[in-house]
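Chemist: Structure incoming, see below.
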Amino acid sequence: MKSSASPARNSFRAPVAAALSSPDAAFAQSPLGQTLMHLLASGSASQRQIADYLLRNQMRVTALGIEELADSCQVSTATISRFARDIGQKNYSAMRSAMAETLQSLLQPVDKLRRTIQRRGRATSPVTESLEYAAANIAATSDALSPPAMQAVVRRLTRAKVVYVMGFGLSANLAGMLVQHLQPFCPHVVEVVGIGGSEVAAGHLVNLTAHDVLVVISLPRYTLDCIGLASFARDRGACIVALTDSPASPLAELADHALYAQSTHPVLPSSASTALAVIEALAVALMVSNKNNVEKAARLSEVIAAYLYGGEHGVPGPRKAVFRQRKAV
């Protein structure tokens with residue numbers, strides 16, 4: 001998890017990844033990771049492509065030959081060799097060794113799980129594998145959770161005149177969940193996309209100002225509209241909070257504050273389970289941030305109690321109420 005000035009407004013700096021919430025972010029903080037992040041932001045097309053792959057597949061790269069990496073990045077082996085020299089390594093073998101040495105100090109739960117699963121081979125059911133990845137993703141994010149970074153986001157949300165929340169595709173569902181959590185505690189919350197798509201989203205952001213916060217949620221595969229509208233909001237001076245998977249995400253360079261949720265999955269493009277867990281953690285941090293919010297939460301519980309099945313606070317459930325009516329007759 002990270003809270004820092006946006007590297008889009010300034011070139012990549014060490015503080016950008018200082019507060020971490022995922023193994024990818026931990027790797028990005030290392031000297032080698034920072035070099036790759038620099039090329040990801042300002043390198044040539046081939047350099048960006050290779051840097052992106054290395055940042056997302058650190059453990060896998062240590063077991064790949066140069067031809068396999070070239071195929072994965074869709075470049076030539078000569079380009080891979082040149083890239084290794086560009087980042088200060090003698091050759092590809094030296095670069096791969098540097099990757100391995102960096103990873104030795106970064107114990108990654110997801111990668112440990114991946115190796116375990118590979119050893120088990122076909123004995124693991126897809127259902128079990130998916131659930132195990134979800135658990136490992138959450139563990140990886142939790143292990144490096146930065147409470148100060150979360151509190152920095154809470155402070156920005158609390159001070160915002162309007163909080164806009166944006167997510168496209170599957171991330172729209174996550175955005176809706178966050179909106180539900182924020183509404184009782186923020187003066188004005190706007191779900192940017194809703195059912196209207198990009199045109200409605202753009203319309204909502206037209207009146208965005210420097211007093212507002214845009215929370216943008218996007219996991220692989222990233223949508224162009226999400227990135228474009230986040231850039232628009234940044235240009236308007238709004239505070240950008242990104243909930244995404246990695247410092248290699250295109251949203252990371254746009255954000256003032258980034259919350260990283262590990263999203264590795266063996267089949268799906270990405271897993272949203274950890275992002276949902278981070279949303280719930282953010283909601284809890286906001287709720288307990290001051291006494292007024294605690295009181296608001298209590299009042300909210302009282303208001304909705306009458307609508308809950310089972311009759312919380314003495315309100316009878318539907319079946320129980322019908323039985324009493326029949327008995328009275």
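Order determines the names: the first chain of the structure tokens is A, the second B, and so forth; residues in each chain are numbered 1 upward, and ligands are numbered 1 upward as they are shown.
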Residues near Arg48 in chain A, anyone? I mean within 12 Å using only C-alpha atoms, not counting same-chain ones fewer than 5 positions away, as a PDB file with C-alpha atoms, in the first residue's frame.
Modeler:
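The resulting file, part-v6.pdb, is shown below:
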ATOM      1  CA  THR A  35      15.196   0.974 -12.403  1.00  0.00           C
ATOM      2  CA  LEU A  36      12.448  -1.060 -14.053  1.00  0.00           C
ATOM      3  CA  MET A  37       9.805   1.434 -12.915  1.00  0.00           C
ATOM      4  CA  HIS A  38      11.816   4.254 -14.486  1.00  0.00           C
ATOM      5  CA  LEU A  39      11.919   2.425 -17.826  1.00  0.00           C
ATOM      6  CA  LEU A  40       8.231   1.580 -17.521  1.00  0.00           C
ATOM      7  CA  ALA A  41       7.483   5.289 -17.266  1.00  0.00           C
ATOM      8  CA  SER A  42       9.948   6.745 -19.751  1.00  0.00           C
ATOM      9  CA  GLY A  43      11.567   3.964 -21.801  1.00  0.00           C
ATOM     10  CA  TYR A  53       6.649  -8.191 -17.695  1.00  0.00           C
ATOM     11  CA  LEU A  54       9.568  -8.280 -15.251  1.00  0.00           C
ATOM     12  CA  LEU A  55       7.675  -6.272 -12.645  1.00  0.00           C
ATOM     13  CA  CYS A  73       7.456 -10.190 -24.192  1.00  0.00           C
ATOM     14  CA  VAL A  75      10.470  -9.139 -28.709  1.00  0.00           C
ATOM     15  CA  THR A  79      16.286  -6.821 -27.590  1.00  0.00           C
ATOM     16  CA  ILE A  80      16.326  -8.725 -24.285  1.00  0.00           C
ATOM     17  CA  PHE A  83      17.629  -4.343 -22.223  1.00  0.00           C
ATOM     18  CA  ALA A 248       3.256  -1.376 -12.711  1.00  0.00           C
ATOM     19  CA  SER A 249      -0.420  -0.467 -13.095  1.00  0.00           C
ATOM     20  CA  PRO A 250      -0.994   2.574 -15.335  1.00  0.00           C
TER      21      PRO A 250
END
Chemist: Among range 50-276 of chain A, which residues does DSSP mark as strand (DSSP E) when it is run on the backbone? Keep the chain and numbering as in the structure and answer as a short mmCIF file (atom, residue, chain, number, x, y, z; two decimals) with all heavy atoms, in the first residue's frame.
Modeler:
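Output below, filename part13.cif:
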data_model
loop_
_atom_site.label_atom_id
_atom_site.label_comp_id
_atom_site.auth_asym_id
_atom_site.auth_seq_id
_atom_site.Cartn_x
_atom_site.Cartn_y
_atom_site.Cartn_z
N VAL A 163 -16.75 13.09 -3.02
CA VAL A 163 -15.94 11.91 -3.30
C VAL A 163 -16.55 11.20 -4.50
O VAL A 163 -17.72 10.78 -4.45
CB VAL A 163 -15.91 10.94 -2.10
CG1 VAL A 163 -15.12 9.67 -2.46
CG2 VAL A 163 -15.26 11.62 -0.89
N TYR A 164 -15.79 11.11 -5.57
CA TYR A 164 -16.22 10.38 -6.76
C TYR A 164 -15.56 9.00 -6.73
O TYR A 164 -14.39 8.87 -6.40
CB TYR A 164 -15.78 11.12 -8.03
CG TYR A 164 -16.43 12.47 -8.23
CD1 TYR A 164 -15.87 13.62 -7.66
CD2 TYR A 164 -17.59 12.61 -8.99
CE1 TYR A 164 -16.44 14.87 -7.85
CE2 TYR A 164 -18.17 13.86 -9.18
CZ TYR A 164 -17.60 14.98 -8.60
OH TYR A 164 -18.18 16.21 -8.79
N VAL A 165 -16.32 7.98 -7.09
CA VAL A 165 -15.79 6.61 -7.11
C VAL A 165 -16.03 6.04 -8.50
O VAL A 165 -17.17 6.02 -8.99
CB VAL A 165 -16.47 5.72 -6.06
CG1 VAL A 165 -15.83 4.33 -6.08
CG2 VAL A 165 -16.35 6.33 -4.67
N MET A 166 -14.96 5.56 -9.15
CA MET A 166 -15.06 5.12 -10.54
C MET A 166 -14.45 3.75 -10.74
O MET A 166 -13.34 3.47 -10.28
CB MET A 166 -14.35 6.13 -11.45
CG MET A 166 -14.40 5.77 -12.94
SD MET A 166 -13.75 7.11 -13.98
CE MET A 166 -12.01 7.11 -13.52
N GLY A 167 -15.16 2.89 -11.43
CA GLY A 167 -14.66 1.59 -11.83
C GLY A 167 -15.46 1.10 -13.01
O GLY A 167 -16.69 1.27 -13.06
N VAL A 189 -21.19 11.60 -2.02
CA VAL A 189 -20.49 10.54 -2.73
C VAL A 189 -21.18 10.29 -4.06
O VAL A 189 -22.41 10.15 -4.10
CB VAL A 189 -20.45 9.23 -1.91
CG1 VAL A 189 -19.66 8.16 -2.66
CG2 VAL A 189 -19.83 9.47 -0.54
N VAL A 190 -20.41 10.23 -5.14
CA VAL A 190 -20.96 10.03 -6.48
C VAL A 190 -20.36 8.77 -7.09
O VAL A 190 -19.13 8.65 -7.17
CB VAL A 190 -20.66 11.23 -7.40
CG1 VAL A 190 -21.15 10.96 -8.82
CG2 VAL A 190 -21.30 12.50 -6.85
N GLU A 191 -21.21 7.84 -7.50
CA GLU A 191 -20.75 6.68 -8.26
C GLU A 191 -20.66 7.11 -9.72
O GLU A 191 -21.67 7.37 -10.36
CB GLU A 191 -21.70 5.50 -8.10
CG GLU A 191 -21.19 4.23 -8.76
CD GLU A 191 -22.06 3.02 -8.46
OE1 GLU A 191 -23.05 3.16 -7.70
OE2 GLU A 191 -21.76 1.93 -9.00
N VAL A 213 -12.17 14.40 -4.33
CA VAL A 213 -11.34 13.20 -4.41
C VAL A 213 -11.98 12.24 -5.41
O VAL A 213 -13.19 12.03 -5.39
CB VAL A 213 -11.22 12.50 -3.03
CG1 VAL A 213 -10.55 11.13 -3.18
CG2 VAL A 213 -10.43 13.36 -2.06
N LEU A 214 -11.16 11.67 -6.28
CA LEU A 214 -11.61 10.60 -7.17
C LEU A 214 -10.93 9.31 -6.75
O LEU A 214 -9.71 9.21 -6.77
CB LEU A 214 -11.26 10.91 -8.63
CG LEU A 214 -11.52 9.75 -9.62
CD1 LEU A 214 -13.01 9.41 -9.70
CD2 LEU A 214 -10.97 10.08 -11.00
N VAL A 215 -11.75 8.33 -6.34
CA VAL A 215 -11.23 6.99 -6.06
C VAL A 215 -11.45 6.16 -7.31
O VAL A 215 -12.59 5.96 -7.73
CB VAL A 215 -11.95 6.34 -4.86
CG1 VAL A 215 -11.34 4.96 -4.59
CG2 VAL A 215 -11.84 7.21 -3.62
N VAL A 216 -10.38 5.72 -7.92
CA VAL A 216 -10.49 4.97 -9.17
C VAL A 216 -10.00 3.55 -8.93
O VAL A 216 -8.94 3.33 -8.35
CB VAL A 216 -9.70 5.67 -10.31
CG1 VAL A 216 -8.27 5.91 -9.92
CG2 VAL A 216 -9.79 4.88 -11.60
N ILE A 217 -10.82 2.59 -9.36
CA ILE A 217 -10.53 1.17 -9.12
C ILE A 217 -10.33 0.48 -10.46
O ILE A 217 -11.20 0.55 -11.35
CB ILE A 217 -11.70 0.49 -8.37
CG1 ILE A 217 -12.00 1.25 -7.07
CG2 ILE A 217 -11.37 -0.97 -8.07
CD1 ILE A 217 -13.25 0.76 -6.36
N CYS A 239 -7.70 15.21 -6.01
CA CYS A 239 -6.86 14.19 -5.41
C CYS A 239 -7.26 12.83 -5.97
O CYS A 239 -8.44 12.49 -5.99
CB CYS A 239 -7.04 14.19 -3.89
SG CYS A 239 -6.22 12.84 -3.03
N ILE A 240 -6.29 12.08 -6.44
CA ILE A 240 -6.56 10.77 -7.04
C ILE A 240 -6.12 9.68 -6.07
O ILE A 240 -4.96 9.62 -5.67
CB ILE A 240 -5.81 10.58 -8.38
CG1 ILE A 240 -6.08 11.76 -9.31
CG2 ILE A 240 -6.22 9.26 -9.03
CD1 ILE A 240 -7.53 11.93 -9.70
N VAL A 241 -7.06 8.81 -5.71
CA VAL A 241 -6.77 7.62 -4.92
C VAL A 241 -7.00 6.41 -5.82
O VAL A 241 -8.11 6.23 -6.33
CB VAL A 241 -7.67 7.52 -3.67
CG1 VAL A 241 -7.40 6.21 -2.92
CG2 VAL A 241 -7.45 8.71 -2.75
N ALA A 242 -5.97 5.64 -6.05
CA ALA A 242 -6.07 4.47 -6.92
C ALA A 242 -6.09 3.20 -6.10
O ALA A 242 -5.26 3.02 -5.21
CB ALA A 242 -4.92 4.43 -7.91
N LEU A 243 -7.05 2.34 -6.39
CA LEU A 243 -7.06 0.98 -5.85
C LEU A 243 -6.76 0.06 -7.01
O LEU A 243 -7.58 -0.12 -7.91
CB LEU A 243 -8.41 0.64 -5.23
CG LEU A 243 -8.60 -0.81 -4.75
CD1 LEU A 243 -7.48 -1.23 -3.81
CD2 LEU A 243 -9.95 -0.98 -4.07
N THR A 244 -5.54 -0.48 -7.03
CA THR A 244 -5.10 -1.28 -8.16
C THR A 244 -4.17 -2.38 -7.66
O THR A 244 -4.00 -2.56 -6.46
CB THR A 244 -4.44 -0.37 -9.22
OG1 THR A 244 -4.17 -1.10 -10.41
CG2 THR A 244 -3.15 0.26 -8.69
N HIS A 257 -2.38 8.90 -3.98
CA HIS A 257 -2.34 7.81 -3.00
C HIS A 257 -2.74 6.54 -3.73
O HIS A 257 -3.74 6.52 -4.45
CB HIS A 257 -3.31 8.05 -1.84
CG HIS A 257 -3.12 9.36 -1.14
ND1 HIS A 257 -2.27 9.51 -0.07
CD2 HIS A 257 -3.67 10.58 -1.36
CE1 HIS A 257 -2.30 10.77 0.34
NE2 HIS A 257 -3.14 11.44 -0.43
N ALA A 258 -1.99 5.47 -3.55
CA ALA A 258 -2.33 4.20 -4.19
C ALA A 258 -2.44 3.10 -3.15
O ALA A 258 -1.59 2.97 -2.28
CB ALA A 258 -1.28 3.82 -5.24
N LEU A 259 -3.52 2.35 -3.23
CA LEU A 259 -3.73 1.18 -2.38
C LEU A 259 -3.56 -0.05 -3.27
O LEU A 259 -4.32 -0.22 -4.23
CB LEU A 259 -5.13 1.21 -1.77
CG LEU A 259 -5.52 2.49 -1.03
CD1 LEU A 259 -6.93 2.38 -0.49
CD2 LEU A 259 -4.53 2.78 0.08
N TYR A 260 -2.59 -0.88 -2.96
CA TYR A 260 -2.30 -2.04 -3.80
C TYR A 260 -2.94 -3.29 -3.23
O TYR A 260 -2.76 -3.62 -2.07
CB TYR A 260 -0.78 -2.25 -3.93
CG TYR A 260 -0.08 -1.12 -4.65
CD1 TYR A 260 1.02 -0.51 -4.08
CD2 TYR A 260 -0.52 -0.70 -5.89
CE1 TYR A 260 1.68 0.52 -4.74
CE2 TYR A 260 0.11 0.33 -6.56
CZ TYR A 260 1.22 0.93 -5.97
OH TYR A 260 1.85 1.96 -6.63
#
Chemist: Under the rule that only C-alpha atoms are counted, which of A:Arg236, A:Ser125, A:Arg56, A:Val153 is the nearest residue to Leu282 in chain A?
Modeler: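 Ranked by minimum distance to Leu282 in chain A, first place goes to A:Val153.
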Chemist: Any idea what's packed within 9 Å of Leu276 in chain A, counting only C-alpha atoms, ignoring anything in its chain fewer than 5 positions away? Could you give it as an MDAnalysis selection string?
Modeler: chainID A and resid 174 177:178 261 281
Chemist: Find the residues near Val284 in chain A: any atom within 10 Å, counting only C-alpha atoms, skip ones fewer than 6 places away on the same chain, and give them as a PyMOL selection string.
Modeler: chain A and resi 154+181-182+278
Chemist: Please dump the current selection as a JSON list (two decimals), in the first residue's frame; keep N, CA and C atoms.
Modeler:
[["chain", "number", "residue", "atom", "x", "y", "z"],
["A", 154, "VAL", "N", -7.94, 8.15, 4.38],
["A", 154, "VAL", "CA", -9.12, 8.48, 5.18],
["A", 154, "VAL", "C", -9.21, 9.99, 5.38],
["A", 181, "HIS", "N", -20.36, 1.88, 1.29],
["A", 181, "HIS", "CA", -19.64, 2.03, 2.56],
["A", 181, "HIS", "C", -19.36, 3.49, 2.90],
["A", 182, "LEU", "N", -19.11, 4.32, 1.88],
["A", 182, "LEU", "CA", -18.72, 5.71, 2.12],
["A", 182, "LEU", "C", -19.89, 6.63, 2.38],
["A", 278, "VAL", "N", -9.67, -4.87, 0.82],
["A", 278, "VAL", "CA", -9.08, -3.55, 1.06],
["A", 278, "VAL", "C", -10.18, -2.50, 1.17]]
Chemist: Please report, as a PyMOL selection string, each residue of range 102-249 of chain A to which DSSP assigns helix (DSSP H, G or I) when run on this structure's backbone.
Modeler: chain A and resi 102-104+109-123+126-143+147-159+170-182+197-205+224-235
Chemist: Which of these residues is nearest to Gln151 in chain A, using only C-alpha atoms: A:Met287, A:Ala297, A:Ile304, A:Ala275?
Modeler: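 Residue with the minimum atom-to-atom distance to Gln151 in chain A: A:Met287.
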Chemist: Just want the 12 Å neighbourhood of Gln74 in chain A, counted on only C-alpha atoms, with same-chain residues fewer than 6 positions away dropped. Output as a PDB file with all heavy atoms, in the first residue's frame.
Modeler:
ATOM      1  N   ALA A  45       9.215   1.725 -26.401  1.00  0.00           N
ATOM      2  CA  ALA A  45       8.088   0.790 -26.388  1.00  0.00           C
ATOM      3  C   ALA A  45       8.528  -0.609 -25.957  1.00  0.00           C
ATOM      4  O   ALA A  45       7.872  -1.256 -25.129  1.00  0.00           O
ATOM      5  CB  ALA A  45       7.426   0.743 -27.760  1.00  0.00           C
ATOM      6  N   SER A  46       9.642  -1.073 -26.489  1.00  0.00           N
ATOM      7  CA  SER A  46      10.114  -2.414 -26.122  1.00  0.00           C
ATOM      8  C   SER A  46      10.595  -2.454 -24.680  1.00  0.00           C
ATOM      9  O   SER A  46      10.388  -3.440 -23.962  1.00  0.00           O
ATOM     10  CB  SER A  46      11.235  -2.860 -27.070  1.00  0.00           C
ATOM     11  OG  SER A  46      12.351  -1.991 -26.986  1.00  0.00           O
ATOM     12  N   GLN A  47      11.242  -1.380 -24.221  1.00  0.00           N
ATOM     13  CA  GLN A  47      11.695  -1.331 -22.838  1.00  0.00           C
ATOM     14  C   GLN A  47      10.510  -1.360 -21.875  1.00  0.00           C
ATOM     15  O   GLN A  47      10.542  -2.044 -20.851  1.00  0.00           O
ATOM     16  CB  GLN A  47      12.535  -0.077 -22.598  1.00  0.00           C
ATOM     17  CG  GLN A  47      13.927  -0.136 -23.200  1.00  0.00           C
ATOM     18  CD  GLN A  47      14.690   1.152 -23.008  1.00  0.00           C
ATOM     19  OE1 GLN A  47      14.104   2.242 -22.950  1.00  0.00           O
ATOM     20  NE2 GLN A  47      16.016   1.058 -22.915  1.00  0.00           N
ATOM     21  N   GLN A  49       7.616  -2.663 -22.448  1.00  0.00           N
ATOM     22  CA  GLN A  49       7.002  -3.984 -22.512  1.00  0.00           C
ATOM     23  C   GLN A  49       7.773  -4.996 -21.658  1.00  0.00           C
ATOM     24  O   GLN A  49       7.183  -5.782 -20.909  1.00  0.00           O
ATOM     25  CB  GLN A  49       6.957  -4.455 -23.971  1.00  0.00           C
ATOM     26  CG  GLN A  49       6.050  -5.644 -24.218  1.00  0.00           C
ATOM     27  CD  GLN A  49       5.711  -5.784 -25.689  1.00  0.00           C
ATOM     28  OE1 GLN A  49       5.893  -4.860 -26.473  1.00  0.00           O
ATOM     29  NE2 GLN A  49       5.218  -6.949 -26.065  1.00  0.00           N
ATOM     30  N   ILE A  50       9.088  -4.959 -21.746  1.00  0.00           N
ATOM     31  CA  ILE A  50       9.912  -5.891 -20.967  1.00  0.00           C
ATOM     32  C   ILE A  50       9.846  -5.538 -19.482  1.00  0.00           C
ATOM     33  O   ILE A  50       9.694  -6.427 -18.633  1.00  0.00           O
ATOM     34  CB  ILE A  50      11.364  -5.870 -21.467  1.00  0.00           C
ATOM     35  CG1 ILE A  50      11.435  -6.325 -22.932  1.00  0.00           C
ATOM     36  CG2 ILE A  50      12.243  -6.770 -20.597  1.00  0.00           C
ATOM     37  CD1 ILE A  50      12.787  -6.085 -23.583  1.00  0.00           C
ATOM     38  N   TYR A  53       6.666  -6.739 -17.905  1.00  0.00           N
ATOM     39  CA  TYR A  53       6.649  -8.191 -17.695  1.00  0.00           C
ATOM     40  C   TYR A  53       7.509  -8.574 -16.491  1.00  0.00           C
ATOM     41  O   TYR A  53       7.111  -9.401 -15.668  1.00  0.00           O
ATOM     42  CB  TYR A  53       7.137  -8.919 -18.946  1.00  0.00           C
ATOM     43  CG  TYR A  53       6.939 -10.417 -18.863  1.00  0.00           C
ATOM     44  CD1 TYR A  53       5.740 -10.994 -19.271  1.00  0.00           C
ATOM     45  CD2 TYR A  53       7.938 -11.249 -18.356  1.00  0.00           C
ATOM     46  CE1 TYR A  53       5.544 -12.371 -19.163  1.00  0.00           C
ATOM     47  CE2 TYR A  53       7.753 -12.619 -18.252  1.00  0.00           C
ATOM     48  CZ  TYR A  53       6.550 -13.174 -18.667  1.00  0.00           C
ATOM     49  OH  TYR A  53       6.350 -14.528 -18.548  1.00  0.00           O
ATOM     50  N   ILE A  66      16.417 -17.014 -22.132  1.00  0.00           N
ATOM     51  CA  ILE A  66      16.260 -15.762 -22.860  1.00  0.00           C
ATOM     52  C   ILE A  66      15.239 -15.891 -23.995  1.00  0.00           C
ATOM     53  O   ILE A  66      14.471 -14.966 -24.273  1.00  0.00           O
ATOM     54  CB  ILE A  66      17.619 -15.253 -23.388  1.00  0.00           C
ATOM     55  CG1 ILE A  66      17.475 -13.846 -23.969  1.00  0.00           C
ATOM     56  CG2 ILE A  66      18.216 -16.224 -24.405  1.00  0.00           C
ATOM     57  CD1 ILE A  66      18.811 -13.192 -24.287  1.00  0.00           C
ATOM     58  N   GLU A  67      15.210 -17.071 -24.647  1.00  0.00           N
ATOM     59  CA  GLU A  67      14.232 -17.262 -25.724  1.00  0.00           C
ATOM     60  C   GLU A  67      12.822 -17.262 -25.180  1.00  0.00           C
ATOM     61  O   GLU A  67      11.914 -16.680 -25.800  1.00  0.00           O
ATOM     62  CB  GLU A  67      14.496 -18.586 -26.463  1.00  0.00           C
ATOM     63  CG  GLU A  67      15.813 -18.653 -27.225  1.00  0.00           C
ATOM     64  CD  GLU A  67      16.984 -19.049 -26.333  1.00  0.00           C
ATOM     65  OE1 GLU A  67      16.746 -19.303 -25.119  1.00  0.00           O
ATOM     66  OE2 GLU A  67      18.125 -19.093 -26.835  1.00  0.00           O
ATOM     67  N   GLU A  68      12.613 -17.882 -24.020  1.00  0.00           N
ATOM     68  CA  GLU A  68      11.276 -17.927 -23.424  1.00  0.00           C
ATOM     69  C   GLU A  68      10.815 -16.531 -23.008  1.00  0.00           C
ATOM     70  O   GLU A  68       9.648 -16.160 -23.201  1.00  0.00           O
ATOM     71  CB  GLU A  68      11.277 -18.862 -22.217  1.00  0.00           C
ATOM     72  CG  GLU A  68      11.518 -20.319 -22.562  1.00  0.00           C
ATOM     73  CD  GLU A  68      11.722 -21.168 -21.320  1.00  0.00           C
ATOM     74  OE1 GLU A  68      12.605 -20.827 -20.506  1.00  0.00           O
ATOM     75  OE2 GLU A  68      11.003 -22.170 -21.179  1.00  0.00           O
ATOM     76  N   ILE A  80      16.197  -8.359 -25.698  1.00  0.00           N
ATOM     77  CA  ILE A  80      16.326  -8.725 -24.285  1.00  0.00           C
ATOM     78  C   ILE A  80      17.754  -8.474 -23.808  1.00  0.00           C
ATOM     79  O   ILE A  80      17.985  -7.917 -22.726  1.00  0.00           O
ATOM     80  CB  ILE A  80      15.944 -10.195 -24.058  1.00  0.00           C
ATOM     81  CG1 ILE A  80      14.473 -10.439 -24.396  1.00  0.00           C
ATOM     82  CG2 ILE A  80      16.247 -10.607 -22.626  1.00  0.00           C
ATOM     83  CD1 ILE A  80      13.507  -9.769 -23.467  1.00  0.00           C
TER      84      ILE A  80
END
Chemist: Which is closer to Val303 in chain A than all the others in A:Pro184, A:Pro269, A:Gly203, A:Gly197, using only C-alpha atoms?
Modeler: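 Looking at the shortest contact to Val303 in chain A, the residue is A:Pro184.
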Chemist: Quick one: residues within 7 Å of range 130-139 of chain A, only C-alpha atoms counted, chain neighbours fewer than 3 positions away excluded, as a tab-separated table (two decimals) with all heavy atoms, in the first residue's frame?
Modeler:
chain	number	residue	atom	x	y	z
A	109	PRO	N	4.20	-14.89	-0.43
A	109	PRO	CA	3.25	-15.99	-0.21
A	109	PRO	C	2.63	-16.54	-1.48
A	109	PRO	O	2.46	-17.74	-1.63
A	109	PRO	CB	2.18	-15.33	0.68
A	109	PRO	CG	2.89	-14.20	1.35
A	109	PRO	CD	3.88	-13.71	0.34
A	110	VAL	N	2.29	-15.66	-2.42
A	110	VAL	CA	1.65	-16.13	-3.64
A	110	VAL	C	2.60	-16.99	-4.47
A	110	VAL	O	2.22	-18.03	-5.01
A	110	VAL	CB	1.14	-14.94	-4.48
A	110	VAL	CG1	0.66	-15.40	-5.84
A	110	VAL	CG2	0.00	-14.24	-3.74
A	126	PRO	N	-9.52	-27.04	-9.64
A	126	PRO	CA	-9.56	-25.61	-9.95
A	126	PRO	C	-10.22	-24.80	-8.85
A	126	PRO	O	-9.81	-23.66	-8.59
A	126	PRO	CB	-10.36	-25.56	-11.25
A	126	PRO	CG	-10.18	-26.91	-11.86
A	126	PRO	CD	-10.11	-27.87	-10.71
A	127	VAL	N	-11.25	-25.36	-8.22
A	127	VAL	CA	-11.94	-24.64	-7.15
A	127	VAL	C	-11.00	-24.40	-5.98
A	127	VAL	O	-10.87	-23.27	-5.47
A	127	VAL	CB	-13.19	-25.42	-6.69
A	127	VAL	CG1	-13.80	-24.77	-5.46
A	127	VAL	CG2	-14.21	-25.50	-7.81
A	142	SER	N	-2.03	-8.10	3.33
A	142	SER	CA	-2.09	-7.81	4.76
A	142	SER	C	-0.71	-7.73	5.39
A	142	SER	O	-0.45	-6.88	6.25
A	142	SER	CB	-2.93	-8.88	5.47
A	142	SER	OG	-2.95	-8.67	6.86
A	143	ASP	N	0.21	-8.59	4.95
A	143	ASP	CA	1.54	-8.64	5.55
A	143	ASP	C	2.27	-7.30	5.43
A	143	ASP	O	3.07	-6.94	6.30
A	143	ASP	CB	2.39	-9.73	4.89
A	143	ASP	CG	2.01	-11.12	5.39
A	143	ASP	OD1	1.29	-11.20	6.41
A	143	ASP	OD2	2.42	-12.11	4.77
A	262	GLN	N	-3.12	-7.29	-4.07
A	262	GLN	CA	-2.59	-8.39	-4.89
A	262	GLN	C	-3.74	-9.09	-5.60
A	262	GLN	O	-4.75	-9.43	-4.98
A	262	GLN	CB	-1.85	-9.38	-3.99
A	262	GLN	CG	-1.19	-10.53	-4.72
A	262	GLN	CD	0.13	-10.14	-5.37
A	262	GLN	OE1	0.71	-9.12	-5.00
A	262	GLN	NE2	0.60	-10.92	-6.29
A	263	SER	N	-3.61	-9.33	-6.91
A	263	SER	CA	-4.74	-9.87	-7.68
A	263	SER	C	-4.38	-11.10	-8.52
A	263	SER	O	-5.07	-11.43	-9.47
A	263	SER	CB	-5.30	-8.78	-8.61
A	263	SER	OG	-4.34	-8.42	-9.59
A	264	THR	N	-3.28	-11.79	-8.16
A	264	THR	CA	-2.84	-12.95	-8.93
A	264	THR	C	-3.91	-14.03	-8.96
A	264	THR	O	-4.53	-14.33	-7.94
A	264	THR	CB	-1.55	-13.54	-8.31
A	264	THR	OG1	-0.57	-12.51	-8.21
A	264	THR	CG2	-1.03	-14.69	-9.16
A	265	HIS	N	-4.11	-14.62	-10.13
A	265	HIS	CA	-5.06	-15.74	-10.27
A	265	HIS	C	-4.58	-16.67	-11.36
A	265	HIS	O	-4.06	-16.21	-12.38
A	265	HIS	CB	-6.47	-15.23	-10.59
A	265	HIS	CG	-7.53	-16.25	-10.37
A	265	HIS	ND1	-7.85	-17.20	-11.31
A	265	HIS	CD2	-8.34	-16.48	-9.30
A	265	HIS	CE1	-8.81	-17.97	-10.83
A	265	HIS	NE2	-9.14	-17.56	-9.62
A	273	SER	N	-10.90	-10.45	-5.07
A	273	SER	CA	-11.18	-10.74	-3.68
A	273	SER	C	-10.39	-9.84	-2.73
A	273	SER	O	-10.91	-9.34	-1.73
A	273	SER	CB	-10.91	-12.22	-3.36
A	273	SER	OG	-9.59	-12.57	-3.73
A	274	THR	N	-9.12	-9.61	-3.03
A	274	THR	CA	-8.31	-8.77	-2.15
A	274	THR	C	-8.72	-7.31	-2.24
A	274	THR	O	-8.70	-6.59	-1.25
A	274	THR	CB	-6.82	-8.92	-2.49
A	274	THR	OG1	-6.47	-10.30	-2.49
A	274	THR	CG2	-5.96	-8.20	-1.48
Chemist: Residues at most 10 Å from range 223-226 of chain A, counting only C-alpha atoms, excluding those fewer than 2 positions away in the same chain, as a list in words?
Modeler: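 Using only C-alpha atoms, the neighbours found are Met166, Gly167, Phe168, Gly169, Ser171, Val193, Gly197, Ser198, Glu199, Ala201, Ala202, Val216, Ile217, Ser218, Leu219, Pro220, Arg221, Gly228, Leu229, Ala230, Ser231, Phe232, Pro250 and Leu251 of chain A.
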Chemist: Restricting the output to C-alpha atoms, write the selected residues as an mmCIF file, in the first residue's frame.
Modeler:
data_model
loop_
_atom_site.group_PDB
_atom_site.id
_atom_site.type_symbol
_atom_site.label_atom_id
_atom_site.label_comp_id
_atom_site.auth_asym_id
_atom_site.auth_seq_id
_atom_site.Cartn_x
_atom_site.Cartn_y
_atom_site.Cartn_z
ATOM 1 C CA MET A 166 -15.063 5.122 -10.541
ATOM 2 C CA GLY A 167 -14.659 1.590 -11.826
ATOM 3 C CA PHE A 168 -15.463 -0.012 -15.189
ATOM 4 C CA GLY A 169 -16.349 -3.617 -15.990
ATOM 5 C CA SER A 171 -14.439 -3.025 -11.088
ATOM 6 C CA VAL A 193 -20.043 5.004 -13.909
ATOM 7 C CA GLY A 197 -20.909 3.784 -19.116
ATOM 8 C CA SER A 198 -18.242 6.205 -20.266
ATOM 9 C CA GLU A 199 -20.505 9.081 -21.353
ATOM 10 C CA ALA A 201 -18.918 8.901 -16.198
ATOM 11 C CA ALA A 202 -17.498 11.856 -18.135
ATOM 12 C CA VAL A 216 -10.489 4.973 -9.174
ATOM 13 C CA ILE A 217 -10.534 1.173 -9.123
ATOM 14 C CA SER A 218 -8.969 -0.931 -11.854
ATOM 15 C CA LEU A 219 -7.338 -4.352 -11.979
ATOM 16 C CA PRO A 220 -5.968 -6.205 -15.008
ATOM 17 C CA ARG A 221 -7.310 -5.883 -17.599
ATOM 18 C CA GLY A 228 -8.260 8.623 -19.511
ATOM 19 C CA LEU A 229 -10.833 9.933 -17.039
ATOM 20 C CA ALA A 230 -8.395 9.591 -14.151
ATOM 21 C CA SER A 231 -5.932 11.725 -16.147
ATOM 22 C CA PHE A 232 -8.681 14.299 -16.697
ATOM 23 C CA PRO A 250 -0.994 2.574 -15.335
ATOM 24 C CA LEU A 251 -3.061 4.066 -12.505
#
